[in-house]
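Written below as structure tokens is the structure these notes are about.
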Amino acid sequence: MLRYEDINEISDGKLYGEDDMVCAGTNGCAGCSKCCESDMGTSIVLTPYDMYELTAATGRSFDELLTAFIVELSMMDGIVLPNLKMSEGCGFLKDGRCEIHAHRPGICRLFPLGRIYKGNDFNYFLQVNECPVKDKTEVKVRDWLGIEDLEKNSAFISKWHRFIDFEKRKVNTIREMADNEVKRLENISEKDLEVYAGILGETDIYEIKGDCAKAAEAYGRIVDLLQNEWHMTEEVELKKAMEARARLLAKAQ
């Protein structure tokens with residue numbers, strides 16, 4: 001799937017609704033299958049509904065489509081998503097025609113249209129340089145898509161986009177947290193780590209000997225080290241150390 005930073009690079013500058021007329025009609029493609037070939041990108045991202053359609057069209061399960069190398073899993077913006085493999089052209093293209101045309105994925109139905117999202121809704125735009133067919137005719141967007149219940153499908157697409165957007169933001173948050181943690185750990189000296197390991201060793205020895213008071217005291221030093229020197233106020237290690245100290249203090253009394 002080709003991706004662009006600026007819609008103005010590829011469109012006619014207009015946005016279209018479902019009932020607008022757009023110059024996208026290709027007259028049955030007239031023997032052209034360029035959009036199904038590998039120069040249109042290496043993959044087409046599939047939605048859950050696309051996968052349902054592909055399994056219905058082929059009689060194969062998702063796993064079978066994967067093992068047949070027709071569908072693959074790819075990472076996009078930190079999220080693993082199913083893709084229709086296009087590195088050598090579409091696997092459903094036979095003799096220049098689509099074998100599953102009635103069940104083709106949503107992006108295939110769109111082309112040469114695209115979607116642009118704003119809030120909880122989206123509009124369509126026309127890609128002016130991708131389709132080589134000349135003298136395109138005007139067609140209503142909903143007729144071009146050929147989806148039986150377009151309103152229901154559009155509602156699903158909007159929900160799916162919001163879900164993917166939420167997952168992207170979650171991945172970015174996790175990445176930022178991981179980066180911050182790496183930076184924080186880089187500032188902890190090897191000597192401090194040795195001290196931490198040594199105190200942990202003390203807690204094990206005291207617990208084995210049954211000296212709960214001294215083990216609790218050692219855990220107290222770990223809590224102090226994590227909280228006040230390393231500023232680990234929310235980490236799992238701190239929570240475990242505090243729980244262990246409380247448990248051992250209770251046993252020591």
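Identifiers in the structure tokens: chain A, B, ... in order shown; residue index from 1 per chain; ligand index from 1 in order shown.
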
(message) Report as a PyMOL selection string all protein, DNA and RNA residues lying within 9 Å of Leu93 (chain A), evaluated on only C-alpha atoms, omitting residues in the same chain fewer than 6 positions from it.
(response) chain A and resi 33+36-37+99-100

(message) So that I can see what lies close to region 113-119 of chain A, please list as JSON, numbers by chain the residues with an atom at most 9 Å from it, counting only C-alpha atoms and leaving out residues fewer than 6 positions away in the same chain.
(response) {"A": [7, 15, 24, 107, 125, 126, 127, 128, 141, 158, 161, 162]}

Those residues with N, CA and C atoms, as a CSV table (one decimal), in the first residue's frame please?
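This is the output file part.csv:
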```csv
chain,number,residue,atom,x,y,z
A,7,ILE,N,-2.1,15.0,0.9
A,7,ILE,CA,-3.1,14.6,-0.1
A,7,ILE,C,-3.0,15.4,-1.3
A,15,LEU,N,-12.9,16.9,-2.1
A,15,LEU,CA,-13.3,15.8,-1.2
A,15,LEU,C,-14.7,15.4,-1.7
A,24,ALA,N,-14.1,8.6,-11.9
A,24,ALA,CA,-13.3,7.5,-11.6
A,24,ALA,C,-13.6,6.2,-12.4
A,107,ILE,N,-9.9,-1.6,-0.1
A,107,ILE,CA,-9.0,-0.7,-0.8
A,107,ILE,C,-9.0,-1.0,-2.3
A,125,PHE,N,-11.3,10.9,-1.7
A,125,PHE,CA,-10.6,11.8,-2.7
A,125,PHE,C,-10.2,10.9,-3.9
A,126,LEU,N,-9.9,11.6,-5.0
A,126,LEU,CA,-9.5,11.0,-6.2
A,126,LEU,C,-8.0,11.0,-6.4
A,127,GLN,N,-7.4,9.9,-6.6
A,127,GLN,CA,-6.0,9.9,-6.9
A,127,GLN,C,-5.8,10.0,-8.4
A,128,VAL,N,-5.2,11.1,-8.8
A,128,VAL,CA,-5.2,11.5,-10.2
A,128,VAL,C,-4.0,10.9,-11.0
A,141,VAL,N,-20.1,7.8,-6.3
A,141,VAL,CA,-19.1,7.1,-5.4
A,141,VAL,C,-19.7,5.8,-4.9
A,158,SER,N,-15.2,3.5,10.0
A,158,SER,CA,-14.8,4.5,10.9
A,158,SER,C,-14.4,4.0,12.3
A,161,HIS,N,-11.0,2.4,12.0
A,161,HIS,CA,-9.9,3.5,11.9
A,161,HIS,C,-9.7,4.0,13.3
A,162,ARG,N,-10.7,4.3,14.1
A,162,ARG,CA,-10.5,4.8,15.5
A,162,ARG,C,-9.8,3.8,16.3
```

(message) Please identify the alpha helix (DSSP H) residues within region 46-219 of chain A (assignment by DSSP from backbone atoms) and present them as an MDAnalysis selection string.
(response) chainID A and resid 48:58 62:67 106:110 141:145 150:186 190:209 212:219

Residues from the last selection, C-alpha atoms, saved as an mmCIF file, in the first residue's frame:
```cif
data_model
loop_
_atom_site.group_PDB
_atom_site.id
_atom_site.type_symbol
_atom_site.label_atom_id
_atom_site.label_comp_id
_atom_site.auth_asym_id
_atom_site.auth_seq_id
_atom_site.Cartn_x
_atom_site.Cartn_y
_atom_site.Cartn_z
ATOM 1 C CA PRO A 48 -11.445 -7.854 9.605
ATOM 2 C CA TYR A 49 -14.294 -7.555 7.079
ATOM 3 C CA ASP A 50 -11.815 -7.943 4.205
ATOM 4 C CA MET A 51 -10.555 -11.148 5.796
ATOM 5 C CA TYR A 52 -14.113 -12.426 6.149
ATOM 6 C CA GLU A 53 -14.689 -11.735 2.455
ATOM 7 C CA LEU A 54 -11.464 -13.484 1.442
ATOM 8 C CA THR A 55 -12.288 -16.601 3.447
ATOM 9 C CA ALA A 56 -15.796 -16.632 1.941
ATOM 10 C CA ALA A 57 -14.417 -16.236 -1.587
ATOM 11 C CA THR A 58 -11.721 -18.900 -1.310
ATOM 12 C CA PHE A 62 -7.117 -17.287 7.704
ATOM 13 C CA ASP A 63 -4.303 -19.702 8.593
ATOM 14 C CA GLU A 64 -4.573 -21.390 5.194
ATOM 15 C CA LEU A 65 -4.346 -18.037 3.407
ATOM 16 C CA LEU A 66 -1.211 -17.287 5.432
ATOM 17 C CA THR A 67 0.462 -20.600 4.633
ATOM 18 C CA GLY A 106 -12.103 -2.475 0.465
ATOM 19 C CA ILE A 107 -8.968 -0.728 -0.802
ATOM 20 C CA CYS A 108 -9.338 -2.521 -4.137
ATOM 21 C CA ARG A 109 -12.951 -1.330 -4.330
ATOM 22 C CA LEU A 110 -11.860 2.217 -3.608
ATOM 23 C CA VAL A 141 -19.114 7.144 -5.397
ATOM 24 C CA ARG A 142 -21.519 4.593 -3.876
ATOM 25 C CA ASP A 143 -22.014 2.959 -7.276
ATOM 26 C CA TRP A 144 -18.275 2.771 -7.839
ATOM 27 C CA LEU A 145 -17.760 1.057 -4.465
ATOM 28 C CA LEU A 150 -22.640 1.178 2.315
ATOM 29 C CA GLU A 151 -23.810 3.110 5.399
ATOM 30 C CA LYS A 152 -23.244 0.077 7.645
ATOM 31 C CA ASN A 153 -19.880 -0.588 6.011
ATOM 32 C CA SER A 154 -18.837 3.053 6.407
ATOM 33 C CA ALA A 155 -19.730 2.932 10.116
ATOM 34 C CA PHE A 156 -17.538 -0.147 10.496
ATOM 35 C CA ILE A 157 -14.637 1.485 8.621
ATOM 36 C CA SER A 158 -14.841 4.541 10.921
ATOM 37 C CA LYS A 159 -14.803 2.343 14.035
ATOM 38 C CA TRP A 160 -11.916 0.294 12.698
ATOM 39 C CA HIS A 161 -9.938 3.462 11.928
ATOM 40 C CA ARG A 162 -10.544 4.788 15.459
ATOM 41 C CA PHE A 163 -9.417 1.465 16.927
ATOM 42 C CA ILE A 164 -6.193 1.451 14.862
ATOM 43 C CA ASP A 165 -5.559 5.099 15.756
ATOM 44 C CA PHE A 166 -5.995 4.272 19.454
ATOM 45 C CA GLU A 167 -3.584 1.339 19.150
ATOM 46 C CA LYS A 168 -1.016 3.547 17.393
ATOM 47 C CA ARG A 169 -1.176 6.099 20.201
ATOM 48 C CA LYS A 170 -0.847 3.315 22.780
ATOM 49 C CA VAL A 171 2.219 1.918 20.989
ATOM 50 C CA ASN A 172 3.776 5.397 20.871
ATOM 51 C CA THR A 173 3.152 5.853 24.591
ATOM 52 C CA ILE A 174 4.804 2.517 25.374
ATOM 53 C CA ARG A 175 7.766 3.426 23.172
ATOM 54 C CA GLU A 176 8.180 6.756 24.972
ATOM 55 C CA MET A 177 8.016 5.028 28.352
ATOM 56 C CA ALA A 178 10.597 2.468 27.226
ATOM 57 C CA ASP A 179 12.905 5.202 25.916
ATOM 58 C CA ASN A 180 12.601 7.116 29.182
ATOM 59 C CA GLU A 181 13.320 3.963 31.159
ATOM 60 C CA VAL A 182 16.424 3.246 29.089
ATOM 61 C CA LYS A 183 17.658 6.809 29.641
ATOM 62 C CA ARG A 184 16.995 6.534 33.379
ATOM 63 C CA LEU A 185 18.799 3.211 33.672
ATOM 64 C CA GLU A 186 21.747 4.603 31.732
ATOM 65 C CA GLU A 190 27.452 0.164 38.001
ATOM 66 C CA LYS A 191 28.312 0.716 41.651
ATOM 67 C CA ASP A 192 24.678 1.456 42.507
ATOM 68 C CA LEU A 193 23.620 -1.714 40.725
ATOM 69 C CA GLU A 194 26.161 -3.676 42.753
ATOM 70 C CA VAL A 195 24.751 -2.169 45.956
ATOM 71 C CA TYR A 196 21.231 -3.122 44.871
ATOM 72 C CA ALA A 197 22.310 -6.694 44.089
ATOM 73 C CA GLY A 198 24.114 -6.925 47.405
ATOM 74 C CA ILE A 199 21.082 -5.843 49.399
ATOM 75 C CA LEU A 200 18.929 -8.337 47.489
ATOM 76 C CA GLY A 201 21.411 -11.040 48.482
ATOM 77 C CA GLU A 202 21.104 -9.987 52.130
ATOM 78 C CA THR A 203 17.322 -10.312 52.047
ATOM 79 C CA ASP A 204 17.616 -13.872 50.740
ATOM 80 C CA ILE A 205 20.161 -14.852 53.399
ATOM 81 C CA TYR A 206 18.134 -13.363 56.275
ATOM 82 C CA GLU A 207 14.920 -14.990 55.052
ATOM 83 C CA ILE A 208 16.620 -18.387 54.789
ATOM 84 C CA LYS A 209 17.878 -17.955 58.371
ATOM 85 C CA CYS A 212 12.475 -11.570 59.383
ATOM 86 C CA ALA A 213 13.387 -8.309 61.147
ATOM 87 C CA LYS A 214 16.762 -7.978 59.411
ATOM 88 C CA ALA A 215 15.267 -9.115 56.083
ATOM 89 C CA ALA A 216 12.607 -6.406 56.460
ATOM 90 C CA GLU A 217 15.330 -3.859 57.250
ATOM 91 C CA ALA A 218 17.187 -4.856 54.066
ATOM 92 C CA TYR A 219 14.019 -4.465 52.013
#
```

Skipping near chain neighbours, those fewer than 4 positions away, what residues fall within 9 Å of Ile70 (chain A) using only C-alpha atoms, listed as a PDB file with all heavy atoms, in the first residue's frame?
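Listed below is the output, selection-v6.pdb:
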```
ATOM      1  N   GLU A  64      -4.867 -20.810   6.507  1.00  0.00           N
ATOM      2  CA  GLU A  64      -4.573 -21.390   5.194  1.00  0.00           C
ATOM      3  C   GLU A  64      -4.143 -20.312   4.198  1.00  0.00           C
ATOM      4  O   GLU A  64      -3.269 -20.552   3.358  1.00  0.00           O
ATOM      5  CB  GLU A  64      -5.788 -22.149   4.667  1.00  0.00           C
ATOM      6  CG  GLU A  64      -6.051 -23.452   5.422  1.00  0.00           C
ATOM      7  CD  GLU A  64      -7.385 -24.086   5.063  1.00  0.00           C
ATOM      8  OE1 GLU A  64      -8.311 -23.348   4.651  1.00  0.00           O
ATOM      9  OE2 GLU A  64      -7.507 -25.323   5.195  1.00  0.00           O
ATOM     10  N   LEU A  65      -4.746 -19.138   4.283  1.00  0.00           N
ATOM     11  CA  LEU A  65      -4.346 -18.037   3.407  1.00  0.00           C
ATOM     12  C   LEU A  65      -2.935 -17.570   3.738  1.00  0.00           C
ATOM     13  O   LEU A  65      -2.171 -17.174   2.851  1.00  0.00           O
ATOM     14  CB  LEU A  65      -5.332 -16.874   3.529  1.00  0.00           C
ATOM     15  CG  LEU A  65      -6.719 -17.112   2.919  1.00  0.00           C
ATOM     16  CD1 LEU A  65      -7.672 -15.985   3.308  1.00  0.00           C
ATOM     17  CD2 LEU A  65      -6.623 -17.225   1.404  1.00  0.00           C
ATOM     18  N   LEU A  66      -2.577 -17.648   5.025  1.00  0.00           N
ATOM     19  CA  LEU A  66      -1.211 -17.287   5.432  1.00  0.00           C
ATOM     20  C   LEU A  66      -0.201 -18.298   4.885  1.00  0.00           C
ATOM     21  O   LEU A  66       0.828 -17.913   4.321  1.00  0.00           O
ATOM     22  CB  LEU A  66      -1.105 -17.234   6.958  1.00  0.00           C
ATOM     23  CG  LEU A  66      -1.598 -15.977   7.676  1.00  0.00           C
ATOM     24  CD1 LEU A  66      -1.530 -16.172   9.177  1.00  0.00           C
ATOM     25  CD2 LEU A  66      -0.781 -14.749   7.281  1.00  0.00           C
ATOM     26  N   ASN A  83      -2.097  -8.394   5.673  1.00  0.00           N
ATOM     27  CA  ASN A  83      -1.951  -7.702   4.397  1.00  0.00           C
ATOM     28  C   ASN A  83      -2.143  -8.682   3.251  1.00  0.00           C
ATOM     29  O   ASN A  83      -1.774  -9.859   3.351  1.00  0.00           O
ATOM     30  CB  ASN A  83      -0.545  -7.098   4.260  1.00  0.00           C
ATOM     31  CG  ASN A  83      -0.308  -5.934   5.185  1.00  0.00           C
ATOM     32  OD1 ASN A  83      -0.267  -4.791   4.770  1.00  0.00           O
ATOM     33  ND2 ASN A  83      -0.133  -6.225   6.464  1.00  0.00           N
ATOM     34  N   LEU A  84      -2.704  -8.185   2.173  1.00  0.00           N
ATOM     35  CA  LEU A  84      -2.723  -8.950   0.931  1.00  0.00           C
ATOM     36  C   LEU A  84      -1.367  -8.759   0.272  1.00  0.00           C
ATOM     37  O   LEU A  84      -0.971  -7.633  -0.036  1.00  0.00           O
ATOM     38  CB  LEU A  84      -3.843  -8.437   0.016  1.00  0.00           C
ATOM     39  CG  LEU A  84      -4.080  -9.210  -1.284  1.00  0.00           C
ATOM     40  CD1 LEU A  84      -4.483 -10.649  -1.001  1.00  0.00           C
ATOM     41  CD2 LEU A  84      -5.142  -8.515  -2.127  1.00  0.00           C
ATOM     42  N   LYS A  85      -0.649  -9.853   0.086  1.00  0.00           N
ATOM     43  CA  LYS A  85       0.714  -9.771  -0.432  1.00  0.00           C
ATOM     44  C   LYS A  85       0.702  -9.309  -1.881  1.00  0.00           C
ATOM     45  O   LYS A  85      -0.018  -9.857  -2.715  1.00  0.00           O
ATOM     46  CB  LYS A  85       1.388 -11.134  -0.323  1.00  0.00           C
ATOM     47  CG  LYS A  85       2.879 -11.116  -0.560  1.00  0.00           C
ATOM     48  CD  LYS A  85       3.478 -12.483  -0.290  1.00  0.00           C
ATOM     49  CE  LYS A  85       4.976 -12.474  -0.526  1.00  0.00           C
ATOM     50  NZ  LYS A  85       5.559 -13.815  -0.278  1.00  0.00           N
ATOM     51  N   MET A  86       1.531  -8.277  -2.183  1.00  0.00           N
ATOM     52  CA  MET A  86       1.546  -7.699  -3.525  1.00  0.00           C
ATOM     53  C   MET A  86       2.954  -7.573  -4.101  1.00  0.00           C
ATOM     54  O   MET A  86       3.137  -6.952  -5.144  1.00  0.00           O
ATOM     55  CB  MET A  86       0.908  -6.311  -3.482  1.00  0.00           C
ATOM     56  CG  MET A  86      -0.580  -6.302  -3.166  1.00  0.00           C
ATOM     57  SD  MET A  86      -1.582  -6.816  -4.558  1.00  0.00           S
ATOM     58  CE  MET A  86      -1.360  -5.444  -5.671  1.00  0.00           C
ATOM     59  N   CYS A  90      -0.837  -9.312  -7.227  1.00  0.00           N
ATOM     60  CA  CYS A  90      -1.877  -9.964  -6.432  1.00  0.00           C
ATOM     61  C   CYS A  90      -2.013 -11.442  -6.821  1.00  0.00           C
ATOM     62  O   CYS A  90      -2.060 -11.790  -8.009  1.00  0.00           O
ATOM     63  CB  CYS A  90      -3.206  -9.249  -6.637  1.00  0.00           C
ATOM     64  SG  CYS A  90      -4.566  -9.995  -5.688  1.00  0.00           S
ATOM     65  N   GLY A  91      -2.112 -12.301  -5.786  1.00  0.00           N
ATOM     66  CA  GLY A  91      -2.256 -13.732  -6.030  1.00  0.00           C
ATOM     67  C   GLY A  91      -3.591 -14.120  -6.640  1.00  0.00           C
ATOM     68  O   GLY A  91      -3.752 -15.248  -7.126  1.00  0.00           O
ATOM     69  N   PHE A  92      -4.547 -13.202  -6.624  1.00  0.00           N
ATOM     70  CA  PHE A  92      -5.864 -13.486  -7.196  1.00  0.00           C
ATOM     71  C   PHE A  92      -6.007 -12.964  -8.626  1.00  0.00           C
ATOM     72  O   PHE A  92      -7.092 -13.051  -9.206  1.00  0.00           O
ATOM     73  CB  PHE A  92      -6.962 -12.886  -6.319  1.00  0.00           C
ATOM     74  CG  PHE A  92      -7.038 -13.493  -4.943  1.00  0.00           C
ATOM     75  CD1 PHE A  92      -6.716 -12.746  -3.823  1.00  0.00           C
ATOM     76  CD2 PHE A  92      -7.421 -14.812  -4.776  1.00  0.00           C
ATOM     77  CE1 PHE A  92      -6.772 -13.302  -2.560  1.00  0.00           C
ATOM     78  CE2 PHE A  92      -7.484 -15.385  -3.508  1.00  0.00           C
ATOM     79  CZ  PHE A  92      -7.153 -14.628  -2.397  1.00  0.00           C
TER      80      PHE A  92
END
```

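The coordinates place CA of Gly31 (chain A) at 7.8 Å from CA of Arg97 (chain A).
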
(request) Excluding Asn27 (chain A) and residues on its chain fewer than 4 positions from it, collect all residues at most 12 Å away from it, counting only C-alpha atoms, and give them as number ranges by chain. (result) A: 23, 31-32, 133-139, 144

(request) Using CA of Ala244 (chain A) and CA of Leu226 (chain A) as the two end points, give the distance in Å to one decimal. (result)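 Value for the CA of Ala244 (chain A)-CA of Leu226 (chain A) distance: 14.1 Å.
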
(request) Work out how far CA of Pro82 (chain A) is from CA of Asp6 (chain A), in Å to one decimal. (result)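 CA of Asp6 (chain A) sits 25.0 Å away from CA of Pro82 (chain A).
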
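When DSSP is run on the backbone, the residues of region 56-86 of chain A that fall into strand (DSSP E) are A:Val71, A:Glu72, A:Leu73, A:Ser74, A:Met75, A:Met76, A:Ile79, A:Val80, A:Leu81, A:Pro82, A:Asn83, A:Leu84, A:Lys85.
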
Please produce a file of those selected residues containing C-alpha atoms, as an mmCIF file, in the first residue's frame.
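Okay, this is what ended up in again.cif:
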```cif
data_model
loop_
_atom_site.group_PDB
_atom_site.id
_atom_site.type_symbol
_atom_site.label_atom_id
_atom_site.label_comp_id
_atom_site.auth_asym_id
_atom_site.auth_seq_id
_atom_site.Cartn_x
_atom_site.Cartn_y
_atom_site.Cartn_z
ATOM 1 C CA VAL A 71 -1.937 -13.066 3.042
ATOM 2 C CA GLU A 72 0.952 -12.037 5.289
ATOM 3 C CA LEU A 73 1.351 -10.313 8.631
ATOM 4 C CA SER A 74 3.224 -7.025 8.556
ATOM 5 C CA MET A 75 4.166 -4.373 11.092
ATOM 6 C CA MET A 76 2.742 -0.925 10.478
ATOM 7 C CA ILE A 79 0.851 -2.771 14.997
ATOM 8 C CA VAL A 80 0.761 -6.213 13.361
ATOM 9 C CA LEU A 81 -1.925 -6.298 10.662
ATOM 10 C CA PRO A 82 -2.888 -8.758 7.918
ATOM 11 C CA ASN A 83 -1.951 -7.702 4.397
ATOM 12 C CA LEU A 84 -2.723 -8.950 0.931
ATOM 13 C CA LYS A 85 0.714 -9.771 -0.432
#
```

(request) Go through A:Cys131, A:Ser189, A:Ile147, A:Ala241 one by one, measure the shortest atom-to-atom distance of each to Ile10 (chain A) using only C-alpha atoms, and give the residue with the smallest value. (result)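 So, comparing all the options, the nearest one is A:Cys131.
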
(request) Check the smallest atom-to-atom distance from each of A:Gly78, A:Cys35, A:Asp211, A:Asn123 to Gly17 (chain A) using only C-alpha atoms, then report the winner. (result)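 Ranked by minimum distance to Gly17 (chain A), first place goes to A:Asn123.
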
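Considering only C-alpha atoms, the residue among A:Ile188, A:Ser87, A:Ile44, A:Ala30 positioned nearest to Glu229 (chain A) is A:Ile188.
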